[in-house]
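**Student:** What follows is the file my_file.cif, containing mmCIF, C-alpha atoms:
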```cif
data_run
#
loop_
_atom_site.label_atom_id
_atom_site.label_comp_id
_atom_site.auth_asym_id
_atom_site.auth_seq_id
_atom_site.Cartn_x
_atom_site.Cartn_y
_atom_site.Cartn_z
CA MET A 1 -13.99 -64.43 -34.10
CA LYS A 2 -14.46 -65.37 -30.47
CA LEU A 3 -11.10 -63.75 -29.60
CA THR A 4 -12.17 -60.52 -31.33
CA LYS A 5 -15.45 -60.47 -29.40
CA ILE A 6 -13.50 -60.81 -26.18
CA LEU A 7 -10.75 -58.24 -26.94
CA LEU A 8 -13.02 -55.48 -28.31
CA PRO A 9 -15.09 -54.96 -25.14
CA LEU A 10 -11.93 -55.29 -23.06
CA GLY A 11 -10.17 -52.62 -25.11
CA LEU A 12 -13.14 -50.28 -24.85
CA THR A 13 -13.27 -50.82 -21.10
CA VAL A 14 -9.57 -49.96 -20.73
CA ALA A 15 -9.94 -46.85 -22.93
CA VAL A 16 -12.89 -45.60 -20.91
CA GLY A 17 -11.02 -46.29 -17.69
CA VAL A 18 -7.97 -44.31 -18.84
CA SER A 19 -10.21 -41.45 -19.94
CA VAL A 20 -11.94 -41.36 -16.55
CA VAL A 21 -8.60 -41.35 -14.71
CA LEU A 22 -7.19 -38.52 -16.84
CA SER A 23 -10.38 -36.49 -16.44
CA GLY A 24 -10.25 -37.03 -12.70
CA ILE A 25 -6.68 -35.74 -12.55
CA ILE A 26 -7.63 -32.59 -14.44
CA TRP A 27 -10.75 -31.94 -12.36
CA THR A 28 -9.16 -32.61 -8.98
CA ASN A 29 -5.84 -30.94 -9.78
CA PRO A 30 -6.53 -28.01 -12.12
CA ALA A 31 -3.46 -26.17 -10.93
CA GLN A 32 -1.14 -28.82 -12.41
CA TYR A 33 -3.09 -28.82 -15.67
CA GLU A 34 -3.27 -25.04 -16.01
CA ARG A 35 0.35 -24.61 -14.97
CA ASN A 36 1.58 -26.76 -17.86
CA ARG A 37 -0.78 -24.97 -20.24
CA GLN A 38 -0.02 -21.38 -19.23
CA ARG A 39 3.45 -21.33 -17.64
CA SER A 40 5.18 -19.59 -20.55
CA SER A 41 2.72 -16.68 -20.74
CA ASN A 42 2.58 -15.93 -17.00
CA THR A 43 6.09 -16.25 -15.63
CA PRO A 44 7.72 -13.01 -16.93
CA THR A 45 4.91 -10.69 -15.82
CA ASN A 46 6.34 -9.94 -12.37
CA GLU A 47 9.63 -8.69 -13.82
CA LEU A 48 7.72 -5.97 -15.64
CA ASN A 49 5.60 -5.05 -12.60
CA ALA A 50 8.26 -5.11 -9.87
CA ARG A 51 9.41 -1.83 -8.34
CA PRO A 52 12.45 -1.30 -6.12
CA ALA A 53 11.96 -0.85 -2.38
CA LYS A 54 12.99 2.81 -2.66
CA ASP A 55 9.80 3.43 -4.70
CA VAL A 56 7.42 1.37 -2.56
CA TYR A 57 8.67 3.08 0.62
CA LEU A 58 8.36 6.66 -0.59
CA PRO A 59 6.39 9.15 1.56
CA THR A 60 2.68 9.24 0.75
CA GLN A 61 1.94 12.93 1.44
CA VAL A 62 3.65 16.25 0.74
CA ILE A 63 2.71 19.50 2.51
CA TYR A 64 4.30 22.87 1.83
CA THR A 65 4.31 25.52 4.55
CA ALA A 66 4.84 29.05 3.22
CA GLU A 67 6.61 31.96 4.93
CA ASP A 68 3.26 33.24 6.25
CA GLY A 69 2.45 29.84 7.80
CA LYS A 70 -0.15 28.84 5.18
CA GLN A 71 -0.06 25.10 4.51
CA GLU A 72 -0.96 23.29 1.29
CA LEU A 73 -1.28 19.61 0.43
CA LEU A 74 0.56 19.18 -2.87
CA ASN A 75 0.08 16.76 -5.75
CA ASN A 76 1.16 16.56 -9.37
CA ARG A 77 -1.11 14.76 -11.85
CA LYS A 78 1.56 14.58 -14.56
CA VAL A 79 4.50 13.13 -12.65
CA ASN A 80 5.06 11.47 -9.28
CA LEU A 81 5.76 14.33 -6.89
CA THR A 82 7.45 12.27 -4.17
CA THR A 83 9.73 10.67 -6.76
CA GLU A 84 10.79 14.14 -7.91
CA ILE A 85 11.50 15.22 -4.33
CA ARG A 86 13.40 11.99 -3.65
CA GLN A 87 15.60 12.56 -6.69
CA ALA A 88 16.37 16.08 -5.47
CA LEU A 89 17.11 15.02 -1.87
CA SER A 90 19.27 12.09 -2.98
CA LYS A 91 21.85 14.63 -4.16
CA TRP A 92 22.16 16.13 -0.69
CA GLN A 93 25.07 15.14 1.53
CA LEU A 94 23.81 14.21 4.99
CA GLY A 95 25.70 13.61 8.22
CA ARG A 96 24.98 12.64 11.82
CA VAL A 97 21.57 12.07 13.38
CA THR A 98 21.03 13.53 16.87
CA LYS A 99 17.95 13.72 19.06
CA VAL A 100 16.46 17.14 19.84
CA ARG A 101 14.85 17.91 23.19
CA VAL A 102 11.10 18.57 22.75
CA LYS A 103 9.14 19.82 25.77
CA ASP A 104 5.53 19.17 24.77
CA ARG A 105 3.02 18.94 21.90
CA ALA A 106 3.13 22.69 21.30
CA ASP A 107 6.89 22.48 20.88
CA TYR A 108 6.49 19.51 18.53
CA ASN A 109 3.93 21.45 16.48
CA GLN A 110 6.61 24.01 15.64
CA TYR A 111 8.22 21.35 13.46
CA LEU A 112 4.93 20.22 11.92
CA GLN A 113 4.21 23.83 10.96
CA ARG A 114 7.75 25.05 10.26
CA LYS A 115 7.63 28.03 7.89
CA ASN A 116 9.05 27.74 4.37
CA SER A 117 9.45 23.98 4.55
CA LEU A 118 8.31 20.71 3.03
CA LEU A 119 6.68 18.15 5.32
CA LEU A 120 6.94 14.64 3.83
CA SER A 121 4.68 12.21 5.67
CA TYR A 122 4.30 8.44 5.82
CA ALA A 123 1.07 6.63 6.60
CA ALA A 124 3.01 4.43 9.05
CA PRO A 125 6.46 4.57 10.65
CA ILE A 126 9.68 3.67 8.86
CA ASN A 127 13.21 3.78 10.28
CA VAL A 128 16.52 5.37 9.35
CA ASN A 129 17.66 2.12 7.78
CA MET A 130 14.78 2.34 5.25
CA PHE A 131 15.39 6.08 4.84
CA ASN A 132 18.92 5.21 3.72
CA THR A 133 17.47 2.84 1.12
CA VAL A 134 14.93 5.35 -0.21
CA PHE A 135 17.16 8.42 -0.30
CA SER A 136 20.53 6.76 -1.03
CA THR A 137 22.17 7.96 2.19
CA LYS A 138 24.27 6.43 4.98
CA LEU A 139 22.85 7.91 8.16
CA ASN A 140 23.72 6.54 11.58
CA ARG A 141 21.16 5.47 14.24
CA LYS A 142 19.55 3.08 11.74
CA ASN A 143 16.92 1.79 14.18
CA VAL A 144 15.40 5.22 14.93
CA GLU A 145 11.73 5.17 13.88
CA PHE A 146 9.79 8.15 12.49
CA SER A 147 6.89 8.96 10.16
CA ARG A 148 7.68 12.50 8.90
CA ILE A 149 10.56 14.35 7.26
CA VAL A 150 10.84 18.14 7.54
CA VAL A 151 12.96 19.77 4.85
CA SER A 152 13.52 23.46 5.61
CA LEU A 153 14.11 25.70 2.60
CA ASN A 154 15.69 28.32 4.89
CA ASP A 155 17.92 26.19 7.09
CA ARG A 156 20.37 24.49 4.74
CA ASP A 157 22.31 22.91 7.60
CA HIS A 158 19.64 20.54 8.92
CA LEU A 159 16.57 18.46 8.11
CA TYR A 160 14.40 16.76 10.73
CA LEU A 161 12.81 13.36 11.31
CA LEU A 162 9.63 13.37 13.41
CA ASP A 163 7.92 10.62 15.39
CA ASP A 164 4.31 11.51 16.27
CA VAL A 165 3.92 8.70 18.81
CA GLY A 166 6.62 9.84 21.21
CA LYS A 167 6.75 13.47 19.99
CA ASP A 168 10.40 12.78 19.20
CA VAL A 169 12.47 14.95 16.87
CA TYR A 170 15.79 13.95 15.32
CA ARG A 171 18.06 16.50 13.64
CA VAL A 172 20.03 15.38 10.59
CA GLN A 173 23.16 17.32 9.73
CA VAL A 174 23.22 18.56 6.12
CA LYS A 175 26.73 18.89 4.73
CA LYS A 176 25.65 19.97 1.29
CA ALA A 177 22.13 21.03 0.22
CA TYR A 178 20.65 21.74 -3.20
CA VAL A 179 17.56 23.76 -2.35
CA ALA A 180 17.17 25.22 -5.85
CA SER A 181 15.91 21.89 -7.26
CA LEU A 182 13.19 21.71 -4.57
CA LYS A 183 12.12 25.30 -5.22
CA LYS A 184 11.89 24.46 -8.91
CA ILE A 185 9.53 21.57 -8.12
CA LEU A 186 7.30 23.91 -6.10
CA LYS A 187 6.91 26.17 -9.15
CA GLU A 188 5.37 23.37 -11.22
CA ASN A 189 1.66 23.25 -12.01
CA LEU A 190 0.68 21.49 -8.81
CA LEU A 191 -2.69 20.60 -7.36
CA ARG A 192 -2.88 22.55 -4.09
CA VAL A 193 -5.34 21.91 -1.26
CA ASN A 194 -5.45 24.23 1.77
CA VAL A 195 -4.72 22.27 4.95
CA LYS A 196 -3.57 22.80 8.52
CA MET A 197 -1.58 20.30 10.53
CA GLY A 198 -3.46 19.46 13.72
CA TRP A 199 -4.28 16.60 16.06
CA LEU A 200 -7.09 14.08 16.30
CA ASN A 201 -6.75 12.39 19.67
CA LYS A 202 -3.19 11.00 19.60
CA SER A 203 -2.68 11.32 15.85
CA ALA A 204 -1.28 14.31 13.97
CA MET A 205 -2.86 14.80 10.53
CA ALA A 206 -3.57 17.36 7.84
CA TYR A 207 -6.99 18.98 8.31
CA VAL A 208 -8.45 20.02 4.95
CA SER A 209 -9.63 23.56 5.63
CA ASN A 210 -12.48 23.96 3.12
CA ASN A 211 -14.65 21.92 0.78
CA VAL A 212 -12.41 20.18 -1.73
CA THR A 213 -13.18 18.93 -5.26
CA VAL A 214 -11.48 15.67 -6.28
CA GLN A 215 -11.57 14.01 -9.70
CA SER A 216 -13.31 10.65 -10.21
CA TYR A 217 -11.69 8.02 -12.43
CA SER A 218 -12.47 4.84 -14.29
CA TYR A 219 -9.79 2.24 -14.98
CA LEU A 220 -9.48 -0.95 -16.96
CA VAL A 221 -8.67 -3.75 -14.54
CA ASN A 222 -6.73 -6.95 -14.95
CA GLN A 223 -7.32 -10.19 -13.08
CA GLN A 224 -4.35 -12.52 -12.96
CA SER A 225 -5.11 -16.18 -13.57
CA THR A 226 -5.14 -18.63 -10.70
CA ASP A 227 -2.34 -20.51 -12.42
CA TYR A 228 -0.12 -17.44 -12.27
CA PHE A 229 -0.27 -17.36 -8.45
CA THR A 230 -0.09 -21.13 -7.92
CA THR A 231 3.02 -21.22 -10.11
CA ARG A 232 4.72 -18.39 -8.20
CA LEU A 233 3.72 -19.38 -4.67
CA LEU A 234 3.27 -23.15 -4.68
CA ASN A 235 5.24 -24.56 -7.57
CA LYS A 236 8.10 -22.03 -7.75
CA GLY A 237 9.64 -23.76 -10.75
CA GLU A 238 9.81 -27.09 -8.91
CA SER A 239 8.14 -30.35 -9.88
CA THR A 240 5.70 -29.96 -6.98
CA ASN A 241 2.39 -31.77 -7.31
CA VAL A 242 -0.26 -29.17 -6.50
CA SER A 243 -3.71 -30.41 -5.50
CA ALA A 244 -6.96 -28.45 -5.47
CA LYS A 245 -10.10 -28.67 -3.36
CA LYS A 246 -13.25 -26.69 -4.07
CA THR A 247 -15.40 -25.31 -1.28
CA LYS A 248 -18.53 -23.20 -1.36
CA ASP A 249 -16.69 -19.87 -1.44
CA SER A 250 -13.19 -20.75 -2.60
CA THR A 251 -10.76 -23.13 -4.25
CA VAL A 252 -7.86 -24.17 -2.03
CA TYR A 253 -4.60 -25.23 -3.68
CA SER A 254 -1.91 -27.05 -1.70
CA ASP A 255 1.59 -28.39 -2.30
CA GLY A 256 0.80 -31.22 0.11
CA ALA A 257 3.43 -30.09 2.60
CA SER A 258 3.52 -26.62 4.13
CA ARG A 259 2.00 -24.18 1.65
CA GLN A 260 -1.54 -23.50 0.52
CA LEU A 261 -3.36 -20.85 -1.50
CA ALA A 262 -7.08 -20.06 -1.21
CA ILE A 263 -8.64 -18.18 -4.14
CA TYR A 264 -11.90 -16.35 -3.47
CA THR A 265 -13.23 -15.61 -6.95
CA LYS A 266 -16.36 -13.76 -5.86
CA SER A 267 -14.46 -11.18 -3.80
CA GLY A 268 -11.41 -11.23 -6.08
CA THR A 269 -9.00 -11.94 -3.23
CA ALA A 270 -6.53 -14.61 -2.19
CA LEU A 271 -4.98 -15.93 1.03
CA TYR A 272 -1.59 -17.65 0.93
CA GLU A 273 -0.22 -19.47 3.97
CA ASP A 274 3.30 -20.84 4.39
CA TYR A 275 4.17 -22.83 7.52
CA SER A 276 7.79 -23.46 6.59
CA ALA A 277 9.37 -20.08 7.45
CA LEU A 278 12.69 -20.61 9.21
CA GLN A 279 12.77 -17.29 11.06
CA ALA A 280 10.17 -17.19 13.83
CA SER A 281 10.38 -13.51 14.83
CA LEU A 282 11.45 -10.39 12.96
CA ASN A 283 12.56 -6.97 14.10
CA PHE A 284 11.14 -3.85 12.45
CA SER A 285 13.78 -3.56 9.72
CA GLN A 286 13.44 -7.24 8.90
CA ALA A 287 9.63 -6.94 8.76
CA LEU A 288 9.84 -4.08 6.25
CA SER A 289 12.33 -5.83 3.98
CA THR A 290 10.77 -9.30 4.30
CA SER A 291 7.26 -8.05 3.51
CA TYR A 292 8.57 -6.21 0.45
CA LYS A 293 10.21 -9.42 -0.80
CA ALA A 294 6.92 -11.23 -0.18
CA VAL A 295 5.00 -8.77 -2.37
CA LYS A 296 7.57 -9.29 -5.13
CA ALA A 297 7.24 -13.05 -4.74
CA ILE A 298 3.44 -12.87 -5.07
CA GLY A 299 3.81 -11.02 -8.36
CA ILE A 300 1.08 -8.40 -7.95
CA PRO A 301 1.68 -5.18 -9.95
CA MET A 302 3.77 -2.71 -7.96
CA GLU A 303 3.68 0.34 -10.23
CA ASN A 304 1.39 2.33 -7.90
CA LEU A 305 1.99 0.34 -4.72
CA ARG A 306 2.98 2.08 -1.47
CA TYR A 307 3.73 1.03 2.09
CA TYR A 308 0.73 2.07 4.18
CA GLY A 309 0.63 0.35 7.55
CA TYR A 310 2.52 -1.59 10.19
CA ASP A 311 1.05 -3.47 13.14
CA ASN A 312 3.83 -4.23 15.59
CA GLY A 313 1.75 -6.60 17.69
CA LYS A 314 0.94 -8.82 14.70
CA SER A 315 4.13 -8.08 12.74
CA THR A 316 1.91 -7.16 9.79
CA VAL A 317 2.72 -4.79 6.91
CA THR A 318 0.00 -3.33 4.65
CA TYR A 319 0.41 -1.96 1.14
CA ARG A 320 -2.10 0.07 -0.88
CA SER A 321 -2.39 1.18 -4.48
CA PHE A 322 -2.36 4.94 -5.08
CA VAL A 323 -4.05 7.01 -7.78
CA GLU A 324 -3.30 10.71 -8.25
CA GLY A 325 -1.64 10.88 -4.85
CA PHE A 326 -4.52 9.31 -2.89
CA PRO A 327 -4.83 5.71 -1.56
CA ILE A 328 -7.38 3.11 -2.66
CA PHE A 329 -8.92 1.55 0.43
CA ASN A 330 -11.24 -1.26 -0.64
CA GLN A 331 -9.33 -2.89 -3.46
CA SER A 332 -9.71 -5.75 -0.99
CA ASN A 333 -10.40 -5.81 2.75
CA TYR A 334 -6.72 -5.10 3.34
CA GLY A 335 -5.88 -2.84 0.40
CA ALA A 336 -3.63 -4.27 -2.31
CA ALA A 337 -1.73 -6.64 0.01
CA ARG A 338 -1.27 -7.48 3.68
CA ILE A 339 1.80 -9.45 4.71
CA GLN A 340 1.57 -11.10 8.10
CA MET A 341 4.66 -12.71 9.68
CA LEU A 342 3.57 -14.60 12.78
CA SER A 343 5.89 -15.47 15.65
CA GLN A 344 5.47 -19.22 15.06
CA GLY A 345 7.26 -18.87 11.74
CA VAL A 346 4.01 -18.73 9.74
CA ARG A 347 3.69 -16.35 6.78
CA ARG A 348 0.19 -15.26 5.73
CA TYR A 349 -0.40 -13.08 2.64
CA ASN A 350 -3.77 -11.50 1.83
CA PHE A 351 -3.89 -9.84 -1.58
CA SER A 352 -6.16 -8.71 -4.39
CA LEU A 353 -6.42 -10.62 -7.67
CA TYR A 354 -7.28 -7.37 -9.46
CA SER A 355 -4.98 -4.55 -10.51
CA LEU A 356 -5.44 -1.27 -12.34
CA GLN A 357 -4.22 -1.04 -15.93
CA VAL A 358 -4.99 2.22 -17.72
CA PRO A 359 -7.53 5.01 -17.16
CA VAL A 360 -10.45 5.06 -19.59
CA PRO A 361 -12.58 8.05 -20.73
CA THR A 362 -15.51 8.64 -18.42
CA ASP A 363 -18.34 11.11 -17.99
CA ARG A 364 -18.18 10.72 -14.22
CA LYS A 365 -17.91 14.13 -12.57
CA SER A 366 -15.58 15.39 -9.88
CA VAL A 367 -16.83 15.02 -6.31
CA SER A 368 -17.06 17.89 -3.82
CA LEU A 369 -16.14 16.74 -0.31
CA PRO A 370 -16.58 18.59 2.99
CA SER A 371 -13.70 19.80 5.14
CA THR A 372 -12.10 17.48 7.69
CA GLN A 373 -13.67 19.25 10.65
CA ARG A 374 -17.10 19.16 9.00
CA VAL A 375 -16.82 15.37 8.57
CA ILE A 376 -15.85 14.95 12.24
CA ASP A 377 -18.73 17.20 13.38
CA ARG A 378 -21.28 15.27 11.29
CA LEU A 379 -20.10 11.94 12.69
CA VAL A 380 -20.19 13.20 16.28
CA ALA A 381 -23.69 14.62 15.71
CA ALA A 382 -24.74 11.18 14.40
CA GLY A 383 -23.63 9.57 17.67
CA TYR A 384 -20.08 8.43 16.93
CA SER A 385 -17.40 8.89 19.56
CA LYS A 386 -14.60 11.23 18.58
CA LYS A 387 -12.27 9.29 20.86
CA GLN A 388 -12.69 6.24 18.59
CA MET A 389 -11.58 8.19 15.50
CA ALA A 390 -7.87 7.58 14.96
CA SER A 391 -7.49 9.27 11.57
CA LEU A 392 -9.27 10.66 8.50
CA GLN A 393 -7.94 10.30 4.97
CA LEU A 394 -9.03 11.42 1.51
CA GLY A 395 -9.03 8.29 -0.63
CA TYR A 396 -10.67 6.37 -3.44
CA GLN A 397 -13.47 3.86 -3.13
CA TRP A 398 -13.13 0.94 -5.55
CA LYS A 399 -16.44 -0.04 -7.20
CA ALA A 400 -17.03 -2.44 -10.08
CA SER A 401 -18.63 -0.77 -13.10
CA ALA A 402 -22.22 -1.76 -13.86
CA SER A 403 -21.52 -1.56 -17.60
CA SER A 404 -18.42 -3.79 -17.78
CA ASP A 405 -16.62 -6.29 -15.54
CA LYS A 406 -13.37 -5.08 -17.09
CA VAL A 407 -13.78 -1.57 -15.67
CA VAL A 408 -13.65 -0.26 -12.11
CA ASN A 409 -14.83 3.16 -10.93
CA LEU A 410 -12.74 5.07 -8.40
CA THR A 411 -14.84 7.52 -6.42
CA PRO A 412 -13.16 10.01 -4.05
CA THR A 413 -14.48 10.09 -0.51
CA TRP A 414 -13.45 10.51 3.11
CA TYR A 415 -12.24 7.41 4.92
CA VAL A 416 -12.36 7.29 8.71
CA TYR A 417 -10.27 4.91 10.80
CA TYR A 418 -12.92 4.19 13.42
CA ASN A 419 -12.68 1.56 16.13
CA GLY A 420 -9.86 -0.25 14.33
CA ALA A 421 -11.22 -0.30 10.75
CA TRP A 422 -11.31 2.02 7.72
CA LYS A 423 -14.82 2.97 6.58
CA THR A 424 -16.21 5.77 4.41
CA TYR A 425 -17.89 8.52 6.36
CA THR A 426 -21.08 7.99 4.31
CA GLN A 427 -21.13 4.31 5.33
CA LEU A 428 -20.83 5.30 8.97
CA LEU A 429 -23.62 7.86 8.66
CA GLN A 430 -25.91 5.33 6.94
CA GLN A 431 -25.34 2.79 9.70
CA GLN A 432 -26.74 5.07 12.40
#
```
Step by step, read the file and then write its structure as structure tokens.
**Tutor:**
Amino acid sequence: MKLTKILLPLGLTVAVGVSVVLSGIIWTNPAQYERNRQRSSNTPTNELNARPAKDVYLPTQVIYTAEDGKQELLNNRKVNLTTEIRQALSKWQLGRVTKVRVKDRADYNQYLQRKNSLLLSYAAPINVNMFNTVFSTKLNRKNVEFSRIVVSLNDRDHLYLLDDVGKDVYRVQVKKAYVASLKKILKENLLRVNVKMGWLNKSAMAYVSNNVTVQSYSYLVNQQSTDYFTTRLLNKGESTNVSAKKTKDSTVYSDGASRQLAIYTKSGTALYEDYSALQASLNFSQALSTSYKAVKAIGIPMENLRYYGYDNGKSTVTYRSFVEGFPIFNQSNYGAARIQMLSQGVRRYNFSLYSLQVPVPTDRKSVSLPSTQRVIDRLVAAGYSKKQMASLQLGYQWKASASSDKVVNLTPTWYVYYNGAWKTYTQLLQQQ
């Protein structure tokens, strides 16, 4: 009896102690707990969402210039227009790349406004090496950088690569062209917006000539679990012990060595940092390919993802989601993802936890927006410096729906790249 009285309290004490220890492990290391619980349901998702580099690095804008010089911004709501054009151009046989002598901006404008041509534009420079990947070609001069492709429907012997920064033009020899397929695409039921290629300070861009009406949308959104990202970025199929530390605004997960992931639930964003990169500095081609591999490694959906920006000084590549041919700017502070590859060998990834799924019926009306010049004039009249405006872009503003946290509203508006940051023109006007 005495032995029983002694063993019973001792056994209860041990049981309570074990329970406390196990609870502590779960509370202090939720990543390990959730990873074991959810690994099977999360791992395959990226394989379904991944897109090849040739899709992510497609041009983001298509402008047709008619025989009379009239220019139109083109879009197709049923199919991806740039994918169609890429498929047509991939059948062309291309040859040597040579530089063309350009005297001044007026001379350069002749290419931007070339009659009976397609002007395919990028939001940021790419190079011939990436062009070869996108269009399945084998052009020489792989390091030549440019941001526009001019495809003449009259001149079947050449197409042109344009670099706005240096006003450089490169002529690509066409050995065999199939113009009929491009002309067929132009006959489709396309959305057409009257524009005129012009300049804003040092940047060439398409000026929308008149008021334009753009459709609003509502989408179901998906938020990937924290475990999904910790598994992909910290555990990577290894038996790594991932720890977690909660702060006021975030939960920081770490592998205890060189990698950590901060999840900001309130803003729906994440910051991943890896201090173990072997390659300290990257050239432009390496930055484009490495950042693409990083986006795949993160596992964010890539169905509507496009390359949108490159900062040479910070070796940073930005990607945005696109809807109906227009970019989404505030999916997070940096778009869908920003991949930063620092010279010290550090990799830093900012990305959104949210992604669009499917459009949902909505009674939200289309929005009528003023012309490009009207937006510039209103901002100047409000006291903003035109010299600080680098670019204007029609895009979508991401706003959470008041009726459901599973729905996001996409409202079309003008975005202005002012003093180094993208803001809506209405936000700028309200700040004055």
**Student:** List as a compact mmCIF listing (two decimals) with C-alpha atoms, keeping the file's coordinate frame the protein and nucleic acid residues near Lys176 of chain A, meaning an atom at most 10 Å away when all atoms listed in the file are counted, but skip any in the same chain fewer than 4 places from it.
**Tutor:**
```txt
# COMPACT_ATOMS: atom_id res chain seq x y z
CA LYS A 91 21.85 14.63 -4.16
CA TRP A 92 22.16 16.13 -0.69
CA GLN A 93 25.07 15.14 1.53
CA LEU A 94 23.81 14.21 4.99
CA GLY A 95 25.70 13.61 8.22
CA ARG A 156 20.37 24.49 4.74
CA ASP A 157 22.31 22.91 7.60
CA HIS A 158 19.64 20.54 8.92
```
**Student:** Return as a VMD selection string the set of residues that the PyMOL selection byres ((chain A and resi 185-189) around 10) yields on the displayed structure.
**Tutor:** chain A and resid 64 74 to 78 81 84 to 85 88 118 180 to 184 190 to 192
**Student:** Using 12 Å as the limit and counting all atoms listed in the file, can you tabulate each residue of segment 306-417 of chain A that touches segment 267-279 of chain A, with its shortest atom-to-atom distance in Å and the two atoms involved, as a Markdown table?
**Tutor:**
```
| residue | atom | partner | partner_atom | distance |
| --- | --- | --- | --- | --- |
| A:Asn330 | CA | A:Ser267 | CA | 10.9 |
| A:Gln331 | CA | A:Gly268 | CA | 9.0 |
| A:Ser332 | CA | A:Thr269 | CA | 6.6 |
| A:Asn333 | CA | A:Thr269 | CA | 8.7 |
| A:Tyr334 | CA | A:Thr269 | CA | 9.8 |
| A:Gly335 | CA | A:Thr269 | CA | 10.3 |
| A:Ala336 | CA | A:Thr269 | CA | 9.4 |
| A:Ala337 | CA | A:Ala270 | CA | 9.6 |
| A:Arg338 | CA | A:Leu271 | CA | 9.6 |
| A:Ile339 | CA | A:Tyr272 | CA | 9.6 |
| A:Gln340 | CA | A:Glu273 | CA | 9.5 |
| A:Met341 | CA | A:Ala277 | CA | 9.0 |
| A:Leu342 | CA | A:Ala277 | CA | 9.6 |
| A:Ser343 | CA | A:Gln279 | CA | 8.5 |
| A:Gln344 | CA | A:Tyr275 | CA | 8.5 |
| A:Gly345 | CA | A:Ala277 | CA | 4.9 |
| A:Val346 | CA | A:Tyr275 | CA | 4.7 |
| A:Arg347 | CA | A:Asp274 | CA | 5.1 |
| A:Arg348 | CA | A:Glu273 | CA | 4.6 |
| A:Tyr349 | CA | A:Tyr272 | CA | 5.0 |
| A:Asn350 | CA | A:Leu271 | CA | 4.7 |
| A:Phe351 | CA | A:Ala270 | CA | 5.5 |
| A:Ser352 | CA | A:Thr269 | CA | 4.5 |
| A:Leu353 | CA | A:Gly268 | CA | 5.3 |
| A:Tyr354 | CA | A:Gly268 | CA | 6.6 |
| A:Ser355 | CA | A:Gly268 | CA | 10.3 |
| A:Lys399 | CA | A:Ser267 | CA | 11.8 |
| A:Ala400 | CA | A:Ser267 | CA | 11.1 |
| A:Asp405 | CA | A:Gly268 | CA | 11.9 |
```
**Student:** Those same residues, written as a PDB file, in the frame of the given file with C-alpha atoms?
**Tutor:**
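Okay, this is what ended up in result.pdb:
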```pdb
ATOM      1  CA  ASN A 330     -11.240  -1.260  -0.640  1.00  0.00           C
ATOM      2  CA  GLN A 331      -9.330  -2.890  -3.460  1.00  0.00           C
ATOM      3  CA  SER A 332      -9.710  -5.750  -0.990  1.00  0.00           C
ATOM      4  CA  ASN A 333     -10.400  -5.810   2.750  1.00  0.00           C
ATOM      5  CA  TYR A 334      -6.720  -5.100   3.340  1.00  0.00           C
ATOM      6  CA  GLY A 335      -5.880  -2.840   0.400  1.00  0.00           C
ATOM      7  CA  ALA A 336      -3.630  -4.270  -2.310  1.00  0.00           C
ATOM      8  CA  ALA A 337      -1.730  -6.640   0.010  1.00  0.00           C
ATOM      9  CA  ARG A 338      -1.270  -7.480   3.680  1.00  0.00           C
ATOM     10  CA  ILE A 339       1.800  -9.450   4.710  1.00  0.00           C
ATOM     11  CA  GLN A 340       1.570 -11.100   8.100  1.00  0.00           C
ATOM     12  CA  MET A 341       4.660 -12.710   9.680  1.00  0.00           C
ATOM     13  CA  LEU A 342       3.570 -14.600  12.780  1.00  0.00           C
ATOM     14  CA  SER A 343       5.890 -15.470  15.650  1.00  0.00           C
ATOM     15  CA  GLN A 344       5.470 -19.220  15.060  1.00  0.00           C
ATOM     16  CA  GLY A 345       7.260 -18.870  11.740  1.00  0.00           C
ATOM     17  CA  VAL A 346       4.010 -18.730   9.740  1.00  0.00           C
ATOM     18  CA  ARG A 347       3.690 -16.350   6.780  1.00  0.00           C
ATOM     19  CA  ARG A 348       0.190 -15.260   5.730  1.00  0.00           C
ATOM     20  CA  TYR A 349      -0.400 -13.080   2.640  1.00  0.00           C
ATOM     21  CA  ASN A 350      -3.770 -11.500   1.830  1.00  0.00           C
ATOM     22  CA  PHE A 351      -3.890  -9.840  -1.580  1.00  0.00           C
ATOM     23  CA  SER A 352      -6.160  -8.710  -4.390  1.00  0.00           C
ATOM     24  CA  LEU A 353      -6.420 -10.620  -7.670  1.00  0.00           C
ATOM     25  CA  TYR A 354      -7.280  -7.370  -9.460  1.00  0.00           C
ATOM     26  CA  SER A 355      -4.980  -4.550 -10.510  1.00  0.00           C
ATOM     27  CA  LYS A 399     -16.440  -0.040  -7.200  1.00  0.00           C
ATOM     28  CA  ALA A 400     -17.030  -2.440 -10.080  1.00  0.00           C
ATOM     29  CA  ASP A 405     -16.620  -6.290 -15.540  1.00  0.00           C
TER      30      ASP A 405
END
```
**Student:** Leaving out Val416 of chain A and any residue of its chain fewer than 3 positions from it, which residues lie within 10 Å of it when counting all atoms listed in the file, given as a PyMOL selection string?
**Tutor:** chain A and resi 375-376+379+388-395+413+419-428
**Student:** Identify, on the basis of only C-alpha atoms, every residue whose closest approach to Lys365 of chain A does not exceed 10 Å; exclude the query and any residue fewer than 3 positions from it along the same chain; express the result as a ChimeraX atom specification.
**Tutor:** /A:213-217,362,368,411
**Student:** Using atom CA of Asn129 of chain A and atom CA of Val144 of chain A as the two end points, give the distance in Å to one decimal.
**Tutor:**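 Atom CA of Val144 of chain A lies at a distance of 8.1 Å from atom CA of Asn129 of chain A.
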**Student:** Between A:Pro52, A:Arg171, A:Gln223, A:Val79, which residue has the minimum interatomic distance to Glu324 of chain A, considering only C-alpha atoms?
**Tutor:**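 The closest residue to Glu324 of chain A is A:Val79.
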